[in-house]
>>> print(open('final-v7.csv').read())   # CSV, C-alpha atoms
chain,number,residue,atom,x,y,z
T,1,MET,CA,-20.1,-26.7,-9.2
T,2,LEU,CA,-17.2,-27.6,-11.4
T,3,GLU,CA,-14.3,-25.1,-11.6
T,4,ILE,CA,-13.2,-23.8,-15.0
T,5,ASN,CA,-9.9,-25.8,-14.6
T,6,ASP,CA,-12.0,-29.0,-14.2
T,7,LEU,CA,-14.0,-28.1,-17.3
T,8,MET,CA,-10.8,-27.3,-19.3
T,9,ARG,CA,-9.1,-30.6,-18.3
T,10,GLY,CA,-12.3,-32.5,-19.2
T,11,PHE,CA,-12.4,-30.7,-22.6
T,12,VAL,CA,-8.7,-31.5,-23.3
T,13,ASP,CA,-9.2,-35.2,-22.4
T,14,ASP,CA,-12.3,-35.4,-24.6
T,15,CYS,CA,-10.4,-33.8,-27.5
T,16,HIS,CA,-7.5,-36.3,-27.2
T,17,GLU,CA,-10.0,-39.1,-27.3
T,18,HIS,CA,-11.6,-37.7,-30.4
T,19,LEU,CA,-8.3,-37.1,-32.1
T,20,ASP,CA,-6.7,-40.5,-31.4
T,21,HIS,CA,-8.0,-42.1,-34.5
T,22,ILE,CA,-8.1,-39.1,-36.9
T,23,GLU,CA,-5.0,-39.7,-38.9
T,24,THR,CA,-5.7,-43.4,-39.5
T,25,ALA,CA,-9.3,-42.5,-40.4
T,26,LEU,CA,-8.3,-39.8,-42.9
T,27,MET,CA,-5.7,-42.1,-44.5
T,28,ASP,CA,-8.4,-44.8,-44.9
T,29,MET,CA,-10.7,-42.2,-46.5
T,30,GLU,CA,-8.0,-41.3,-49.0
T,31,ALA,CA,-7.4,-44.9,-49.9
T,32,ALA,CA,-11.1,-45.5,-50.6
T,33,GLY,CA,-11.6,-42.2,-52.4
T,34,ALA,CA,-15.2,-41.7,-53.6
T,35,ASN,CA,-16.1,-45.1,-52.1
T,36,ALA,CA,-15.1,-44.1,-48.5
T,37,ASP,CA,-17.2,-45.6,-45.8
T,38,LEU,CA,-19.8,-43.1,-44.7
T,39,GLU,CA,-19.6,-44.1,-41.1
T,40,LEU,CA,-15.9,-43.5,-41.1
T,41,VAL,CA,-16.4,-40.0,-42.6
T,42,ASN,CA,-19.1,-39.4,-40.0
T,43,SER,CA,-16.8,-40.4,-37.2
T,44,VAL,CA,-14.2,-37.8,-38.3
T,45,PHE,CA,-17.0,-35.2,-38.8
T,46,ARG,CA,-18.3,-35.9,-35.3
T,47,ALA,CA,-14.8,-35.4,-33.8
T,48,ALA,CA,-14.5,-31.9,-35.3
T,49,HIS,CA,-18.1,-31.1,-34.4
T,50,SER,CA,-17.7,-32.1,-30.7
T,51,ILE,CA,-14.4,-30.2,-30.3
T,52,LYS,CA,-16.0,-27.1,-31.8
T,53,GLY,CA,-18.9,-27.2,-29.4
T,54,GLY,CA,-16.7,-27.6,-26.3
T,55,ALA,CA,-14.3,-24.8,-27.5
T,56,GLY,CA,-17.3,-22.5,-28.1
T,57,MET,CA,-18.5,-23.1,-24.6
T,58,LEU,CA,-15.1,-22.4,-23.1
T,59,GLY,CA,-14.4,-19.3,-25.2
T,60,LEU,CA,-11.4,-20.9,-27.0
T,61,ASP,CA,-11.9,-19.0,-30.3
T,62,ASN,CA,-8.9,-20.4,-32.2
T,63,ILE,CA,-9.8,-24.0,-31.5
T,64,LYS,CA,-13.5,-23.3,-32.2
T,65,THR,CA,-12.6,-21.5,-35.5
T,66,LEU,CA,-10.3,-24.2,-36.8
T,67,SER,CA,-12.5,-27.2,-35.8
T,68,HIS,CA,-15.4,-25.3,-37.4
T,69,LYS,CA,-13.6,-25.0,-40.7
T,70,LEU,CA,-12.7,-28.7,-40.6
T,71,GLU,CA,-16.3,-29.6,-39.8
T,72,ASN,CA,-17.5,-27.6,-42.9
T,73,VAL,CA,-15.2,-29.5,-45.2
T,74,LEU,CA,-16.1,-32.9,-43.6
T,75,HIS,CA,-19.8,-32.1,-44.0
T,76,MET,CA,-19.2,-31.8,-47.7
T,77,ALA,CA,-17.3,-35.1,-47.8
T,78,ARG,CA,-20.1,-37.0,-46.1
T,79,ASN,CA,-22.6,-35.5,-48.5
T,80,ALA,CA,-20.5,-36.6,-51.5
T,81,GLU,CA,-19.8,-32.9,-52.4
T,82,LEU,CA,-16.1,-33.4,-52.0
T,83,VAL,CA,-14.0,-36.5,-52.9
T,84,PRO,CA,-11.4,-37.5,-50.2
T,85,ASN,CA,-8.5,-37.6,-52.7
T,86,HIS,CA,-4.8,-37.0,-51.7
T,87,GLU,CA,-4.9,-33.2,-52.1
T,88,ASN,CA,-8.1,-32.8,-50.0
T,89,ILE,CA,-7.0,-35.2,-47.3
T,90,THR,CA,-3.6,-33.4,-47.1
T,91,VAL,CA,-5.4,-30.2,-46.2
T,92,LEU,CA,-7.5,-32.0,-43.6
T,93,LEU,CA,-4.5,-33.7,-42.1
T,94,LYS,CA,-2.6,-30.3,-41.8
T,95,GLY,CA,-5.7,-28.8,-40.2
T,96,PHE,CA,-6.1,-31.6,-37.6
T,97,ASP,CA,-2.3,-31.4,-36.9
T,98,LYS,CA,-2.7,-27.8,-36.1
T,99,LEU,CA,-5.8,-28.5,-34.0
T,100,THR,CA,-3.9,-31.1,-32.0
T,101,GLU,CA,-1.1,-28.6,-31.4
T,102,LEU,CA,-3.7,-26.0,-30.1
T,103,ILE,CA,-5.2,-28.5,-27.8
T,104,ASP,CA,-1.9,-29.7,-26.5
T,105,ASN,CA,-1.1,-26.1,-25.7
T,106,VAL,CA,-4.6,-25.0,-24.7
T,107,ASP,CA,-3.5,-22.1,-22.4
T,108,GLU,CA,-1.5,-20.5,-25.3
T,109,SER,CA,-3.9,-21.5,-28.1
T,110,GLU,CA,-5.4,-18.0,-28.5
T,111,THR,CA,-2.1,-16.6,-29.5
T,112,MET,CA,-1.0,-19.3,-31.9
T,113,PRO,CA,-1.4,-18.6,-35.6
T,114,ILE,CA,-4.0,-20.6,-37.6
T,115,ASP,CA,-4.3,-18.4,-40.7
T,116,ASP,CA,-2.7,-20.8,-43.1
T,117,GLN,CA,-4.9,-23.8,-42.1
T,118,VAL,CA,-8.1,-21.7,-42.0
T,119,GLN,CA,-7.5,-20.2,-45.5
T,120,SER,CA,-6.7,-23.7,-47.0
T,121,LEU,CA,-9.9,-25.2,-45.5
T,122,MET,CA,-12.0,-22.2,-46.6
T,123,ALA,CA,-10.6,-22.5,-50.2
T,124,LEU,CA,-11.5,-26.2,-50.1
T,125,ALA,CA,-15.0,-25.6,-48.9
T,126,SER,CA,-15.6,-23.0,-51.6
T,127,GLY,CA,-14.3,-25.3,-54.3
T,128,GLY,CA,-11.0,-23.4,-54.7
T,129,ALA,CA,-12.7,-20.1,-55.6
T,130,THR,CA,-10.5,-17.4,-54.2
T,131,ASN,CA,-11.9,-14.4,-56.0
T,132,THR,CA,-15.5,-14.9,-54.9
T,133,PRO,CA,-16.5,-12.0,-52.5
T,134,PRO,CA,-17.4,-13.4,-49.1
T,135,ARG,CA,-21.0,-13.4,-48.2
T,136,GLU,CA,-22.1,-11.5,-45.1
T,137,PRO,CA,-22.6,-13.6,-42.0
T,138,GLU,CA,-26.0,-13.8,-40.4
T,139,ARG,CA,-26.3,-12.2,-37.0
T,140,ILE,CA,-28.6,-13.7,-34.5
T,141,ASP,CA,-29.3,-11.6,-31.4
T,142,VAL,CA,-30.3,-13.7,-28.5
T,143,GLY,CA,-31.0,-10.9,-26.0
T,144,GLY,CA,-28.8,-8.9,-23.7
T,145,SER,CA,-25.2,-8.8,-24.9
T,146,SER,CA,-25.1,-12.2,-26.6
T,147,LEU,CA,-24.9,-12.4,-30.3
T,148,PHE,CA,-24.3,-15.3,-32.7
T,149,ILE,CA,-22.5,-14.5,-36.0
T,150,VAL,CA,-22.9,-17.5,-38.3
T,151,ASP,CA,-21.3,-17.8,-41.7
T,152,PRO,CA,-23.6,-18.6,-44.6
T,153,LEU,CA,-22.0,-22.0,-45.4
T,154,SER,CA,-22.6,-23.2,-41.8
T,155,LEU,CA,-26.2,-22.1,-42.0
T,156,GLU,CA,-26.7,-23.9,-45.3
T,157,GLN,CA,-25.2,-27.0,-43.9
T,158,ALA,CA,-27.2,-26.8,-40.7
T,159,ARG,CA,-30.5,-26.4,-42.6
T,160,ALA,CA,-29.7,-29.1,-45.2
T,161,GLY,CA,-31.9,-32.1,-45.4
T,162,GLY,CA,-34.9,-30.3,-44.1
T,163,ASN,CA,-33.4,-29.5,-40.7
T,164,TYR,CA,-35.0,-26.8,-38.5
T,165,LEU,CA,-32.7,-24.3,-36.7
T,166,TYR,CA,-33.5,-23.8,-33.1
T,167,LEU,CA,-32.2,-21.4,-30.4
T,168,LEU,CA,-32.1,-23.2,-27.1
T,169,GLU,CA,-31.8,-21.3,-23.9
T,170,TYR,CA,-30.4,-23.4,-21.0
T,171,ASP,CA,-29.7,-22.2,-17.5
T,172,LEU,CA,-26.1,-23.2,-16.6
T,173,ILE,CA,-27.0,-23.4,-12.9
T,174,HIS,CA,-30.4,-25.2,-12.8
T,175,ASP,CA,-30.6,-27.1,-16.2
T,176,ILE,CA,-27.1,-28.4,-16.1
T,177,HIS,CA,-25.2,-28.2,-12.8
T,178,GLY,CA,-28.4,-28.6,-10.9
T,179,LYS,CA,-29.0,-32.0,-12.6
T,180,ASN,CA,-25.5,-33.2,-11.8
T,181,SER,CA,-24.3,-32.8,-15.4
T,182,THR,CA,-21.7,-30.6,-17.1
T,183,PRO,CA,-21.9,-28.4,-20.2
T,184,LEU,CA,-19.6,-30.8,-22.1
T,185,GLU,CA,-21.9,-33.8,-21.3
T,186,MET,CA,-25.0,-31.8,-22.4
T,187,LEU,CA,-23.3,-30.7,-25.7
T,188,LYS,CA,-22.3,-34.3,-26.4
T,189,ALA,CA,-25.9,-35.5,-25.9
T,190,LEU,CA,-27.1,-32.8,-28.3
T,191,SER,CA,-24.4,-33.7,-30.9
T,192,ASP,CA,-25.8,-37.3,-30.8
T,193,THR,CA,-29.2,-36.1,-31.9
T,194,GLY,CA,-28.6,-33.1,-34.1
T,195,ARG,CA,-26.0,-30.5,-35.0
T,196,ILE,CA,-24.6,-27.7,-32.8
T,197,VAL,CA,-24.1,-24.7,-34.9
T,198,ASP,CA,-22.7,-22.5,-32.1
T,199,CYS,CA,-23.0,-22.0,-28.4
T,200,LYS,CA,-22.0,-19.5,-25.8
T,201,VAL,CA,-22.4,-18.6,-22.1
T,202,ASP,CA,-23.8,-15.2,-21.4
T,203,PHE,CA,-21.8,-14.3,-18.3
T,204,LYS,CA,-22.9,-10.6,-18.5
T,205,ALA,CA,-26.4,-11.7,-17.6
T,206,VAL,CA,-25.1,-12.6,-14.1
T,207,GLY,CA,-25.1,-8.9,-13.3
T,208,GLY,CA,-23.4,-7.1,-10.4
T,209,LEU,CA,-23.7,-7.4,-6.7
T,210,ASP,CA,-26.7,-5.0,-6.7
T,211,ASP,CA,-28.7,-7.0,-9.3
T,212,PHE,CA,-27.2,-10.5,-8.7
T,213,GLY,CA,-29.4,-13.3,-10.1
T,214,ASN,CA,-29.3,-17.0,-9.6
T,215,THR,CA,-29.1,-17.8,-13.3
T,216,ILE,CA,-26.5,-18.0,-16.1
T,217,PRO,CA,-28.0,-18.3,-19.6
T,218,PHE,CA,-26.3,-20.8,-21.9
T,219,TYR,CA,-27.4,-20.4,-25.5
T,220,VAL,CA,-27.1,-23.1,-28.2
T,221,LEU,CA,-27.9,-22.8,-31.9
T,222,TYR,CA,-29.1,-26.3,-32.7
T,223,ALA,CA,-30.2,-28.0,-36.0
T,224,SER,CA,-32.5,-31.0,-36.0
T,225,ILE,CA,-34.8,-32.8,-38.4
T,226,LEU,CA,-37.4,-33.0,-35.6
T,227,GLU,CA,-40.4,-30.6,-35.8
T,228,PRO,CA,-40.8,-28.0,-33.0
T,229,LYS,CA,-43.5,-30.0,-31.2
T,230,TYR,CA,-41.1,-32.8,-30.6
T,231,VAL,CA,-37.8,-31.1,-30.0
T,232,CYS,CA,-38.6,-29.8,-26.5
T,233,GLY,CA,-38.7,-33.3,-25.1
T,234,LEU,CA,-35.5,-34.1,-26.9
T,235,VAL,CA,-33.5,-31.2,-25.4
T,236,ASN,CA,-35.3,-31.3,-22.0
T,237,LEU,CA,-36.4,-27.7,-22.1
T,238,PRO,CA,-39.8,-26.0,-21.8
T,239,GLU,CA,-41.4,-24.7,-25.0
T,240,GLU,CA,-40.8,-21.0,-24.2
T,241,ARG,CA,-37.0,-21.7,-24.1
T,242,VAL,CA,-36.9,-23.5,-27.5
T,243,ARG,CA,-37.3,-21.0,-30.4
T,244,ASN,CA,-37.4,-21.9,-34.0
T,245,ILE,CA,-35.2,-19.3,-35.6
T,246,GLU,CA,-37.5,-18.9,-38.6
T,247,ASP,CA,-40.3,-17.9,-36.2
T,248,VAL,CA,-38.3,-15.5,-34.0
T,249,PRO,CA,-39.9,-12.0,-34.1
T,250,GLU,CA,-38.1,-9.4,-36.1
T,251,ALA,CA,-37.3,-7.5,-32.9
T,252,VAL,CA,-35.1,-10.4,-31.7
T,253,GLN,CA,-33.6,-11.2,-35.1
T,254,VAL,CA,-30.3,-10.4,-36.7
T,255,ARG,CA,-30.1,-6.8,-35.7
T,256,VAL,CA,-27.1,-5.0,-34.2
T,257,ALA,CA,-27.6,-1.5,-32.7
T,258,GLU,CA,-26.3,1.1,-35.1
T,259,HIS,CA,-24.7,3.2,-32.3
T,260,PHE,CA,-23.8,2.2,-28.8
T,261,ARG,CA,-21.2,2.7,-26.1
T,262,GLU,CA,-20.1,0.1,-23.6
T,263,GLU,CA,-17.6,0.5,-20.7
T,264,PHE,CA,-15.2,-2.2,-19.6
T,265,GLY,CA,-13.5,-0.6,-16.6
T,266,SER,CA,-11.4,2.2,-17.9
T,267,VAL,CA,-11.7,0.9,-21.5
T,268,VAL,CA,-14.6,2.3,-23.6
T,269,LEU,CA,-15.9,0.7,-26.7
T,270,GLU,CA,-17.9,2.9,-29.1
T,271,VAL,CA,-19.7,1.5,-32.1
T,272,HIS,CA,-21.1,3.4,-35.0
T,273,ALA,CA,-22.7,1.5,-38.0
T,274,GLY,CA,-20.8,-1.7,-37.3
T,275,LYS,CA,-17.4,0.0,-36.8
T,276,GLY,CA,-15.9,0.1,-33.4
T,277,SER,CA,-13.3,2.3,-31.7
T,278,ILE,CA,-11.3,2.0,-28.5
T,279,THR,CA,-9.2,4.8,-27.0
T,280,LEU,CA,-6.5,3.5,-24.7
T,281,ALA,CA,-5.4,5.1,-21.5
T,282,LYS,CA,-1.9,6.4,-20.7
T,283,GLU,CA,-0.8,3.4,-18.7
T,284,ILE,CA,-1.6,-0.2,-19.7
T,285,ASN,CA,-1.4,-2.1,-16.4
T,286,SER,CA,-2.7,-5.7,-15.8
T,287,ARG,CA,-6.2,-4.6,-15.1
T,288,ALA,CA,-6.4,-2.3,-18.1
T,289,LEU,CA,-5.0,-5.1,-20.2
T,290,LEU,CA,-7.7,-7.5,-19.1
T,291,ASN,CA,-10.4,-4.9,-19.8
T,292,LEU,CA,-8.9,-4.2,-23.2
T,293,LYS,CA,-9.1,-7.9,-24.0
T,294,VAL,CA,-12.8,-8.2,-23.0
T,295,ALA,CA,-13.6,-5.0,-25.0
T,296,MET,CA,-11.9,-6.3,-28.1
T,297,LEU,CA,-13.8,-9.6,-27.8
T,298,ALA,CA,-17.0,-7.6,-27.6
T,299,ALA,CA,-16.0,-5.7,-30.7
T,300,LEU,CA,-15.1,-8.9,-32.5
T,301,ALA,CA,-18.7,-10.1,-31.9
T,302,ARG,CA,-20.4,-6.9,-33.0
T,303,CYS,CA,-18.2,-5.1,-35.4
T,304,THR,CA,-16.7,-5.6,-38.9
T,305,GLU,CA,-13.8,-3.2,-38.0
T,306,LEU,CA,-12.2,-2.0,-34.8
T,307,ALA,CA,-9.9,1.0,-34.6
T,308,LEU,CA,-7.5,1.4,-31.7
T,309,ASP,CA,-6.4,4.9,-30.7
T,310,LEU,CA,-2.9,4.3,-29.3
T,311,ASN,CA,-1.8,7.9,-29.2
T,312,ALA,CA,-2.1,8.3,-25.4
T,313,VAL,CA,-0.2,5.2,-24.5
T,314,ARG,CA,3.0,6.0,-22.6
T,315,ARG,CA,3.7,2.8,-20.5
T,316,CYS,CA,3.2,-0.7,-21.7
T,317,ASP,CA,5.0,-4.1,-21.6
T,318,LEU,CA,5.5,-7.3,-23.4
T,319,LEU,CA,1.9,-8.6,-22.6
T,320,PHE,CA,0.5,-5.5,-24.3
T,321,PHE,CA,2.3,-6.2,-27.5
T,322,GLN,CA,1.4,-9.9,-27.3
T,323,LEU,CA,-2.3,-8.9,-26.9
T,324,LEU,CA,-2.2,-6.7,-29.9
T,325,CYS,CA,-0.6,-9.4,-32.0
T,326,ALA,CA,-3.2,-12.0,-30.8
T,327,ALA,CA,-6.0,-9.6,-31.5
T,328,HIS,CA,-4.8,-8.7,-35.0
T,329,HIS,CA,-4.5,-12.5,-35.8
T,330,THR,CA,-8.0,-13.2,-34.5
T,331,PHE,CA,-9.6,-10.4,-36.4
T,332,GLN,CA,-7.8,-11.4,-39.6
T,333,THR,CA,-8.9,-15.1,-39.1
T,334,GLN,CA,-12.5,-14.0,-38.9
T,335,GLY,CA,-12.3,-11.8,-41.9
T,336,LYS,CA,-12.4,-8.5,-39.9
T,337,ARG,CA,-10.1,-5.5,-39.6
T,338,LEU,CA,-8.1,-4.3,-36.6
T,339,VAL,CA,-6.5,-1.0,-37.4
T,340,ALA,CA,-4.9,2.0,-35.6
T,341,SER,CA,-6.8,5.3,-35.8
T,342,LYS,CA,-3.8,6.9,-34.1
T,343,PRO,CA,-0.7,4.7,-34.2
T,344,LEU,CA,1.9,3.8,-31.6
T,345,SER,CA,4.7,6.2,-31.3
T,346,GLN,CA,8.1,5.4,-32.9
T,347,GLU,CA,9.4,4.9,-29.4
T,348,HIS,CA,6.9,2.1,-28.8
T,349,LEU,CA,7.6,0.6,-32.3
T,350,ASP,CA,11.3,0.5,-31.4
T,351,ALA,CA,10.4,-1.2,-28.2
T,352,SER,CA,8.4,-3.8,-30.0
T,353,HIS,CA,11.4,-4.5,-32.3
T,354,ALA,CA,13.6,-4.9,-29.2
T,355,LEU,CA,11.0,-7.4,-27.7
T,356,GLY,CA,11.1,-9.4,-30.9
T,357,PHE,CA,7.9,-8.2,-32.5
T,358,GLY,CA,9.5,-6.3,-35.3
T,359,CYS,CA,10.5,-9.1,-37.7
T,360,GLY,CA,7.2,-10.8,-38.6
T,361,GLY,CA,5.3,-7.6,-39.3
T,362,ARG,CA,2.3,-8.6,-37.3
T,363,LEU,CA,2.5,-5.6,-34.9
T,364,VAL,CA,4.4,-3.1,-37.1
T,365,CYS,CA,2.2,-3.2,-40.2
T,366,PRO,CA,-1.2,-2.5,-38.7
T,367,PHE,CA,0.0,-0.3,-35.9
T,368,ARG,CA,2.9,1.7,-37.4
T,369,ALA,CA,3.0,5.4,-37.9
>>> encode(input="final-v7.csv", output="structure tokens")
Amino acid sequence: MLEINDLMRGFVDDCHEHLDHIETALMDMEAAGANADLELVNSVFRAAHSIKGGAGMLGLDNIKTLSHKLENVLHMARNAELVPNHENITVLLKGFDKLTELIDNVDESETMPIDDQVQSLMALASGGATNTPPREPERIDVGGSSLFIVDPLSLEQARAGGNYLYLLEYDLIHDIHGKNSTPLEMLKALSDTGRIVDCKVDFKAVGGLDDFGNTIPFYVLYASILEPKYVCGLVNLPEERVRNIEDVPEAVQVRVAEHFREEFGSVVLEVHAGKGSITLAKEINSRALLNLKVAMLAALARCTELALDLNAVRRCDLLFFQLLCAAHHTFQTQGKRLVASKPLSQEHLDASHALGFGCGGRLVCPFRA
């Protein structure tokens, strides 16, 4: 089985291949304006689309988010809903420049800011309307702990032209690695025949040593013009693992538990009516830091707001402040709130200033007393 480092290297290499022609293609699109060659526009769209799929599979949220916003705008361009004029192409170029920077620094990509590019692309996709209230994303529960949260624009684009939206359930071990393939190769094949809306690996389904199972679910939200009776053969899955989203029973659909509690080592996430809270322990060591990251990612998927109770924290280091900054940025990018129910002490705020986090306001503003 391929190690994660092999997958990451393969992903980065594929991304560089996709991005090699982007600047030239965008400039050609600008020169042609409304008469831009459709295949040229499609090639740029496919580049963003492929990068989004690989990033989703590897859990690279910043790369996934930015490529997804680029994909939305490019979808509008290929449907003649947006003219590739100088202003629009400039926004796309800046977005792809930032995407290239993220990929060139993939190990640090989750802590790199993308807010400016994301906001510009979202404004472009909404026709420049900045005062329109955002529509609620659709939540698609795929069982266990996995949950897709899909923005309305992406759903509209996926279903455009009479497409069906399917939930595909692969087994990472038997359906992919067991057939001498890789997730990236499988996603590329799906991209050639339809549109990948989102994908994720459900590692929690692996279980512990006492309930270890020889399977790792890999879920893909997939749009295709093909009717259900034909799509199973296309995606090489049996019928019971290909579900038309429109036909999914209500019990499996778009519902998040009103109240639940989940433990991540010493870190506990509690959710009430879509709002989460995490109380931090006295000492934030490396293990607690990792547990905190996993808990915040779980909250990001299931909550509109997360409150951190920082009152008990007595010992922390630079990595703790870095994680808070990265989390605040990620929540902001996805239109969600990360706040402090009980803030850091003045001693810790002074320490954050000394470590260089006081100037930009990222840490101080949301977590100050």
>>> atom_distance(input="final-v7.csv", atom1="CA of Ala123 in chain T", atom2="CA of Ala223 in chain T")
24.8 Å
>>> closest_atom_pairs(input="final-v7.csv", of="range 215-315 of chain T", to="range 144-164 of chain T", cutoff="9 Å", atoms="all atoms listed in the file", output="Markdown table")
| residue | atom | partner | partner_atom | distance |
| --- | --- | --- | --- | --- |
| T:Tyr219 | CA | T:Ser146 | CA | 8.6 |
| T:Leu221 | CA | T:Phe148 | CA | 8.4 |
| T:Tyr222 | CA | T:Ala158 | CA | 8.2 |
| T:Ala223 | CA | T:Tyr164 | CA | 5.5 |
| T:Ser224 | CA | T:Asn163 | CA | 5.0 |
| T:Ile225 | CA | T:Asn163 | CA | 4.3 |
| T:Leu226 | CA | T:Tyr164 | CA | 7.3 |
| T:Glu227 | CA | T:Tyr164 | CA | 7.1 |
| T:Pro228 | CA | T:Tyr164 | CA | 8.1 |
| T:Asn244 | CA | T:Tyr164 | CA | 7.1 |
| T:Ile245 | CA | T:Tyr164 | CA | 8.0 |
| T:Glu246 | CA | T:Tyr164 | CA | 8.3 |
| T:Val254 | CA | T:Leu147 | CA | 8.6 |
| T:Val256 | CA | T:Leu147 | CA | 8.6 |
| T:Ala298 | CA | T:Ser145 | CA | 8.7 |
| T:Ala301 | CA | T:Leu147 | CA | 6.8 |
| T:Arg302 | CA | T:Leu147 | CA | 7.6 |
>>> closest_residue(input="final-v7.csv", among="T:Val73, T:Leu38, T:Ala295, T:Met57", to="Gly95 in chain T", atoms="all atoms listed in the file")
T:Val73
>>> atom_distance(input="final-v7.csv", atom1="CA of Gly10 in chain T", atom2="CA of Leu184 in chain T")
8.0 Å
>>> closest_residue(input="final-v7.csv", among="T:Leu74, T:Val41, T:Ser181, T:Ser266", to="Met29 in chain T", atoms="only C-alpha atoms")
T:Val41
>>> atom_distance(input="final-v7.csv", atom1="CA of Ala189 in chain T", atom2="CA of Leu26 in chain T")
24.8 Å
>>> residues_around(input="final-v7.csv", residues="Lys98 in chain T", least_positions_apart="6", cutoff="9 Å", atoms="only C-alpha atoms", output="compact mmCIF listing (two decimals) with C-alpha atoms, keeping the file's coordinate frame")
# COMPACT_ATOMS: atom_id res chain seq x y z
CA LEU T 66 -10.30 -24.20 -36.80
CA ILE T 114 -4.00 -20.60 -37.60
CA GLN T 117 -4.90 -23.80 -42.10
>>> closest_residue(input="final-v7.csv", among="T:Glu263, T:Asp97, T:Asp171, T:Glu185", to="Val201 in chain T", atoms="all atoms listed in the file")
T:Asp171
>>> residues_near_point(input="final-v7.csv", point="(-17.1, -42.5, -40.1)", cutoff="12 Å", atoms="all atoms listed in the file", output="NGL selection string")
:T and (21-22 or 24-26 or 28-29 or 36-48 or 74-75 or 77-78)
>>> build_atoms(input="final-v7.csv", residues="range 284-299 of chain T", atoms="N, CA and C atoms", output="CSV table (one decimal), in the frame of the given file")
chain,number,residue,atom,x,y,z
T,284,ILE,N,-1.0,1.1,-19.5
T,284,ILE,CA,-1.6,-0.2,-19.7
T,284,ILE,C,-1.1,-1.1,-18.6
T,285,ASN,N,-1.8,-1.2,-17.5
T,285,ASN,CA,-1.4,-2.1,-16.4
T,285,ASN,C,-2.2,-3.4,-16.6
T,286,SER,N,-2.0,-4.3,-15.7
T,286,SER,CA,-2.7,-5.7,-15.8
T,286,SER,C,-4.2,-5.6,-15.9
T,287,ARG,N,-4.8,-4.7,-15.1
T,287,ARG,CA,-6.2,-4.6,-15.1
T,287,ARG,C,-6.7,-4.0,-16.4
T,288,ALA,N,-6.0,-2.9,-16.9
T,288,ALA,CA,-6.4,-2.3,-18.1
T,288,ALA,C,-6.2,-3.3,-19.3
T,289,LEU,N,-5.2,-4.1,-19.2
T,289,LEU,CA,-5.0,-5.1,-20.2
T,289,LEU,C,-6.1,-6.1,-20.3
T,290,LEU,N,-6.6,-6.6,-19.1
T,290,LEU,CA,-7.7,-7.5,-19.1
T,290,LEU,C,-9.0,-6.8,-19.7
T,291,ASN,N,-9.2,-5.6,-19.2
T,291,ASN,CA,-10.4,-4.9,-19.8
T,291,ASN,C,-10.3,-4.7,-21.3
T,292,LEU,N,-9.1,-4.4,-21.8
T,292,LEU,CA,-8.9,-4.2,-23.2
T,292,LEU,C,-9.3,-5.5,-24.0
T,293,LYS,N,-8.8,-6.7,-23.4
T,293,LYS,CA,-9.1,-7.9,-24.0
T,293,LYS,C,-10.6,-8.2,-24.1
T,294,VAL,N,-11.3,-7.9,-23.0
T,294,VAL,CA,-12.8,-8.2,-23.0
T,294,VAL,C,-13.5,-7.2,-24.0
T,295,ALA,N,-13.0,-6.0,-24.0
T,295,ALA,CA,-13.6,-5.0,-25.0
T,295,ALA,C,-13.4,-5.4,-26.4
T,296,MET,N,-12.2,-5.9,-26.7
T,296,MET,CA,-11.9,-6.3,-28.1
T,296,MET,C,-12.7,-7.6,-28.5
T,297,LEU,N,-12.9,-8.5,-27.5
T,297,LEU,CA,-13.8,-9.6,-27.8
T,297,LEU,C,-15.2,-9.2,-28.1
T,298,ALA,N,-15.7,-8.2,-27.3
T,298,ALA,CA,-17.0,-7.6,-27.6
T,298,ALA,C,-17.1,-7.0,-29.0
T,299,ALA,N,-16.1,-6.3,-29.3
T,299,ALA,CA,-16.0,-5.7,-30.7
T,299,ALA,C,-16.0,-6.7,-31.8
